[in-house]
Amino acid sequence: MDQQAHPAAERLLPVALLTLSGGLQDTYTYLRRGRVFANAQTGNIVLLGQSLFDGNWGRAGRYLLPVLAFALGVAAAEWLRVRLPHWQRRVLLWEIFLLFLVGFIPHSLDHLANALVSFSCAMQVQSFRKMESFPFASTMCIGNLRSGMEALCAYMRGGDRRERRKARLYFFLIFLFALGAEAGSLAAELLDLPAIWLSCVLLAVGFWPMSRPE
């Protein structure tokens with residue numbers, strides 16, 4: 001199907017840039033902000049539970065804060081969705097602003113930096129949930145991997161070309177997420193804390209096609 005038949009937020013270019021940014025953000029907080037995941041809250045919850053059972057309350061707080069921030073980010077995106085026009089654009093602008101601030105936060109406030117990145121990730125994943133009308137996630141891979149394999153199996157059974165395209169797109173997004181993670185690793189080595197600004201650049205470029213008339 002023609003890309004122009006879909007809303008701007010569901011087209012491949014913005015989706016690809018959001019996914020690159022998602023991989024970069026996760027790598028950034030893990031490598032430069034105390035080994036905390038920005039968007040893979042399953043990992044944070046596992047480590048939170050382990051810390052609680054070990055009685056390590058300080059370590060537990062390190063993982064509890066991003067989980068709570070993620071939940072609040074979902075709520076914030078929903079608030080924007082029901083109250084404002086062009087709400088997805090507003091989400092991206094807020095995300096760019098918050099991530100830009102993160103680049104200035106020193107290591108002594110890593111907890112705050114992680115909370116802001118998790119909040120931003122949650123707003124992104126809640127706001128951009130479809131690619132060419134089928135569901136996807138720009139800040140994690142497990143759902144995309146499951147959906148990609150499901151589409152591939154459907155194509156192998158029935159030869160449906162739409163299922164083949166879905167599988168290709170899902171696997172392409174997984175590749176982009178990994179590429180974003182690698183870019184985040186290299187940027188963190190070169191730039192340290194301001195490496196998150198590369199994510200701002202990706203999101204700003206992704207904002208451009210959504211700001212044009214449909």
# chains A, B, ... in the order shown; residues from 1 in each chain; ligands from 1
call {"tool": "residues_around", "arguments": {"residues": "segment 84-91 of chain A", "least_positions_apart": "4", "cutoff": "9 Å", "atoms": "only C-alpha atoms", "output": "JSON, numbers by chain"}}
result
{"A": [9, 76, 77, 79, 80, 95, 96, 120, 123, 124, 127, 128, 207, 210, 211]}
call {"tool": "residues_around", "arguments": {"residues": "Gln50 of chain A", "least_positions_apart": "3", "cutoff": "12 Å", "atoms": "only C-alpha atoms", "output": "list in words"}}
result
Gly43, Asn44, Ile45, Val46, Leu47, Phe53, Asp54, Gly55, Asn56, Trp57, Arg59, Ala60, Gly61, Tyr63 and Leu64 of chain A
call {"tool": "write_last_selection", "arguments": {"atoms": "all heavy atoms", "output": "compact mmCIF listing (two decimals), in the first residue's frame"}}
result
# COMPACT_ATOMS: atom_id res chain seq x y z
N GLY A 43 13.11 -5.35 32.69
CA GLY A 43 14.42 -5.53 33.32
C GLY A 43 14.52 -4.76 34.62
O GLY A 43 15.05 -5.26 35.63
N ASN A 44 13.99 -3.54 34.64
CA ASN A 44 14.02 -2.75 35.86
C ASN A 44 13.19 -3.39 36.97
O ASN A 44 13.58 -3.36 38.14
CB ASN A 44 13.49 -1.33 35.59
CG ASN A 44 14.48 -0.50 34.78
OD1 ASN A 44 15.68 -0.74 34.80
ND2 ASN A 44 13.97 0.48 34.06
N ILE A 45 12.04 -3.95 36.61
CA ILE A 45 11.19 -4.58 37.62
C ILE A 45 11.85 -5.84 38.18
O ILE A 45 11.78 -6.11 39.39
CB ILE A 45 9.80 -4.89 37.02
CG1 ILE A 45 9.06 -3.57 36.75
CG2 ILE A 45 8.98 -5.77 37.95
CD1 ILE A 45 7.78 -3.73 35.96
N VAL A 46 12.52 -6.60 37.33
CA VAL A 46 13.26 -7.78 37.81
C VAL A 46 14.34 -7.36 38.81
O VAL A 46 14.47 -7.94 39.90
CB VAL A 46 13.88 -8.54 36.63
CG1 VAL A 46 14.89 -9.59 37.12
CG2 VAL A 46 12.79 -9.20 35.79
N LEU A 47 15.10 -6.34 38.44
CA LEU A 47 16.18 -5.87 39.33
C LEU A 47 15.62 -5.20 40.58
O LEU A 47 16.22 -5.29 41.65
CB LEU A 47 17.08 -4.91 38.56
CG LEU A 47 17.86 -5.55 37.40
CD1 LEU A 47 18.52 -4.49 36.54
CD2 LEU A 47 18.91 -6.52 37.94
N PHE A 53 14.21 -8.06 47.78
CA PHE A 53 14.40 -9.31 48.51
C PHE A 53 15.78 -9.37 49.17
O PHE A 53 15.94 -10.01 50.21
CB PHE A 53 14.22 -10.51 47.58
CG PHE A 53 12.79 -10.87 47.34
CD1 PHE A 53 12.19 -10.66 46.10
CD2 PHE A 53 12.00 -11.39 48.36
CE1 PHE A 53 10.86 -10.97 45.88
CE2 PHE A 53 10.67 -11.71 48.15
CZ PHE A 53 10.10 -11.51 46.91
N ASP A 54 16.75 -8.66 48.60
CA ASP A 54 18.08 -8.59 49.21
C ASP A 54 18.15 -7.55 50.31
O ASP A 54 19.18 -7.45 51.00
CB ASP A 54 19.14 -8.27 48.14
CG ASP A 54 19.35 -9.42 47.18
OD1 ASP A 54 18.95 -10.56 47.52
OD2 ASP A 54 19.93 -9.19 46.10
N GLY A 55 17.11 -6.75 50.45
CA GLY A 55 17.12 -5.68 51.45
C GLY A 55 18.00 -4.50 51.07
O GLY A 55 18.36 -3.69 51.93
N ASN A 56 18.31 -4.39 49.79
CA ASN A 56 19.15 -3.29 49.31
C ASN A 56 18.23 -2.15 48.86
O ASN A 56 17.88 -2.01 47.69
CB ASN A 56 20.03 -3.77 48.15
CG ASN A 56 21.09 -2.77 47.76
OD1 ASN A 56 20.94 -1.57 47.98
ND2 ASN A 56 22.18 -3.25 47.18
N TRP A 57 17.83 -1.31 49.82
CA TRP A 57 16.81 -0.30 49.55
C TRP A 57 17.33 0.80 48.62
O TRP A 57 16.57 1.32 47.79
CB TRP A 57 16.34 0.30 50.86
CG TRP A 57 15.92 -0.73 51.85
CD1 TRP A 57 16.53 -1.01 53.04
CD2 TRP A 57 14.85 -1.67 51.72
NE1 TRP A 57 15.89 -2.06 53.67
CE2 TRP A 57 14.86 -2.47 52.88
CE3 TRP A 57 13.88 -1.90 50.75
CZ2 TRP A 57 13.94 -3.49 53.09
CZ3 TRP A 57 12.96 -2.91 50.95
CH2 TRP A 57 12.99 -3.69 52.11
N ARG A 59 19.51 0.46 46.17
CA ARG A 59 19.50 -0.09 44.80
C ARG A 59 18.06 -0.23 44.30
O ARG A 59 17.78 -0.01 43.12
CB ARG A 59 20.21 -1.44 44.79
CG ARG A 59 20.42 -2.05 43.41
CD ARG A 59 21.38 -3.22 43.50
NE ARG A 59 21.62 -3.82 42.20
CZ ARG A 59 20.99 -4.92 41.77
NH1 ARG A 59 20.10 -5.51 42.53
NH2 ARG A 59 21.27 -5.42 40.58
N ALA A 60 17.15 -0.60 45.20
CA ALA A 60 15.74 -0.72 44.80
C ALA A 60 15.20 0.62 44.32
O ALA A 60 14.46 0.68 43.32
CB ALA A 60 14.92 -1.24 45.98
N GLY A 61 15.56 1.70 45.01
CA GLY A 61 15.10 3.02 44.59
C GLY A 61 15.59 3.40 43.22
O GLY A 61 14.89 4.08 42.46
N TYR A 63 15.88 1.53 40.68
CA TYR A 63 15.05 0.90 39.65
C TYR A 63 13.57 1.26 39.78
O TYR A 63 12.83 1.19 38.80
CB TYR A 63 15.24 -0.62 39.69
CG TYR A 63 16.65 -1.01 39.32
CD1 TYR A 63 17.53 -1.52 40.27
CD2 TYR A 63 17.11 -0.85 38.02
CE1 TYR A 63 18.83 -1.86 39.94
CE2 TYR A 63 18.41 -1.19 37.67
CZ TYR A 63 19.26 -1.68 38.64
OH TYR A 63 20.55 -2.01 38.30
N LEU A 64 13.13 1.61 41.00
CA LEU A 64 11.73 1.99 41.18
C LEU A 64 11.41 3.31 40.49
O LEU A 64 10.34 3.46 39.87
CB LEU A 64 11.40 2.09 42.67
CG LEU A 64 9.99 2.56 43.02
CD1 LEU A 64 8.95 1.59 42.47
CD2 LEU A 64 9.85 2.73 44.53
call {"tool": "residues_around", "arguments": {"residues": "Phe70 of chain A", "least_positions_apart": "3", "cutoff": "12 Å", "atoms": "only C-alpha atoms", "output": "number ranges by chain"}}
result
A: 37-42, 44-45, 63-67, 73-77, 114-126, 139
call {"tool": "closest_residue", "arguments": {"among": "A:Glu10, A:Gly58, A:Gly180, A:Met149", "to": "Arg168 of chain A", "atoms": "only C-alpha atoms"}}
result
A:Met149
call {"tool": "residues_around", "arguments": {"residues": "Met131 of chain A", "least_positions_apart": "5", "cutoff": "7 Å", "atoms": "only C-alpha atoms", "output": "PDB file with all heavy atoms, in the first residue's frame"}}
result
ATOM      1  N   GLU A  10       2.411   7.198  10.961  1.00  0.00           N
ATOM      2  CA  GLU A  10       2.504   5.754  10.737  1.00  0.00           C
ATOM      3  C   GLU A  10       3.426   5.395   9.578  1.00  0.00           C
ATOM      4  O   GLU A  10       3.614   4.219   9.281  1.00  0.00           O
ATOM      5  CB  GLU A  10       1.115   5.172  10.466  1.00  0.00           C
ATOM      6  CG  GLU A  10       0.158   5.273  11.629  1.00  0.00           C
ATOM      7  CD  GLU A  10      -1.176   4.599  11.345  1.00  0.00           C
ATOM      8  OE1 GLU A  10      -1.222   3.742  10.442  1.00  0.00           O
ATOM      9  OE2 GLU A  10      -2.170   4.930  12.020  1.00  0.00           O
ATOM     10  N   ARG A  11       4.001   6.397   8.925  1.00  0.00           N
ATOM     11  CA  ARG A  11       4.834   6.119   7.759  1.00  0.00           C
ATOM     12  C   ARG A  11       6.238   5.713   8.178  1.00  0.00           C
ATOM     13  O   ARG A  11       6.671   5.964   9.299  1.00  0.00           O
ATOM     14  CB  ARG A  11       4.860   7.340   6.836  1.00  0.00           C
ATOM     15  CG  ARG A  11       3.488   7.643   6.261  1.00  0.00           C
ATOM     16  CD  ARG A  11       3.461   8.931   5.478  1.00  0.00           C
ATOM     17  NE  ARG A  11       2.079   9.352   5.216  1.00  0.00           N
ATOM     18  CZ  ARG A  11       1.723  10.564   4.837  1.00  0.00           C
ATOM     19  NH1 ARG A  11       2.661  11.501   4.646  1.00  0.00           N
ATOM     20  NH2 ARG A  11       0.460  10.854   4.630  1.00  0.00           N
ATOM     21  N   VAL A  15       8.674   6.519  11.743  1.00  0.00           N
ATOM     22  CA  VAL A  15       8.744   5.295  12.557  1.00  0.00           C
ATOM     23  C   VAL A  15      10.194   4.826  12.695  1.00  0.00           C
ATOM     24  O   VAL A  15      10.643   4.440  13.782  1.00  0.00           O
ATOM     25  CB  VAL A  15       7.862   4.201  11.933  1.00  0.00           C
ATOM     26  CG1 VAL A  15       8.194   2.830  12.522  1.00  0.00           C
ATOM     27  CG2 VAL A  15       6.386   4.521  12.152  1.00  0.00           C
ATOM     28  N   PHE A 136       3.112  -1.657  16.468  1.00  0.00           N
ATOM     29  CA  PHE A 136       4.552  -1.818  16.633  1.00  0.00           C
ATOM     30  C   PHE A 136       4.966  -1.062  17.884  1.00  0.00           C
ATOM     31  O   PHE A 136       4.176  -0.314  18.475  1.00  0.00           O
ATOM     32  CB  PHE A 136       5.313  -1.301  15.411  1.00  0.00           C
ATOM     33  CG  PHE A 136       5.693   0.155  15.513  1.00  0.00           C
ATOM     34  CD1 PHE A 136       7.011   0.529  15.718  1.00  0.00           C
ATOM     35  CD2 PHE A 136       4.719   1.161  15.431  1.00  0.00           C
ATOM     36  CE1 PHE A 136       7.357   1.869  15.834  1.00  0.00           C
ATOM     37  CE2 PHE A 136       5.065   2.500  15.531  1.00  0.00           C
ATOM     38  CZ  PHE A 136       6.387   2.850  15.736  1.00  0.00           C
TER      39      PHE A 136
END
call {"tool": "residues_around", "arguments": {"residues": "Leu173 of chain A", "least_positions_apart": "4", "cutoff": "10 Å", "atoms": "only C-alpha atoms", "output": "PyMOL selection string"}}
result
chain A and resi 12+15-20+136-138+140-141+144-145+148+167-169+177-179
call {"tool": "residues_around", "arguments": {"residues": "Glu163 of chain A", "least_positions_apart": "6", "cutoff": "10 Å", "atoms": "only C-alpha atoms", "output": "number ranges by chain"}}
result
A: 148, 150-156, 169
call {"tool": "select_by_dssp", "arguments": {"residues": "chain A", "states": "strand (DSSP E)", "output": "list in words"}}
result
Lys130, Met131, Phe134 and Pro135 of chain A
call {"tool": "closest_residue", "arguments": {"among": "A:His111, A:Ser51, A:Glu132, A:Gly159", "to": "Arg35 of chain A", "atoms": "only C-alpha atoms"}}
result
A:His111
call {"tool": "residues_around", "arguments": {"residues": "Asp192 of chain A", "least_positions_apart": "5", "cutoff": "12 Å", "atoms": "only C-alpha atoms", "output": "VMD selection string"}}
result
chain A and resid 27 to 29 31 to 33 102 to 107 184 to 187 197 to 198
call {"tool": "atom_distance", "arguments": {"atom1": "atom CA of Gln25 of chain A", "atom2": "atom CA of Arg165 of chain A"}}
result
27.4 Å
call {"tool": "select_by_dssp", "arguments": {"residues": "segment 4-57 of chain A", "states": "helix (DSSP H, G or I)", "output": "PyMOL selection string"}}
result
chain A and resi 4-5+8-10+12-32+41-54+57
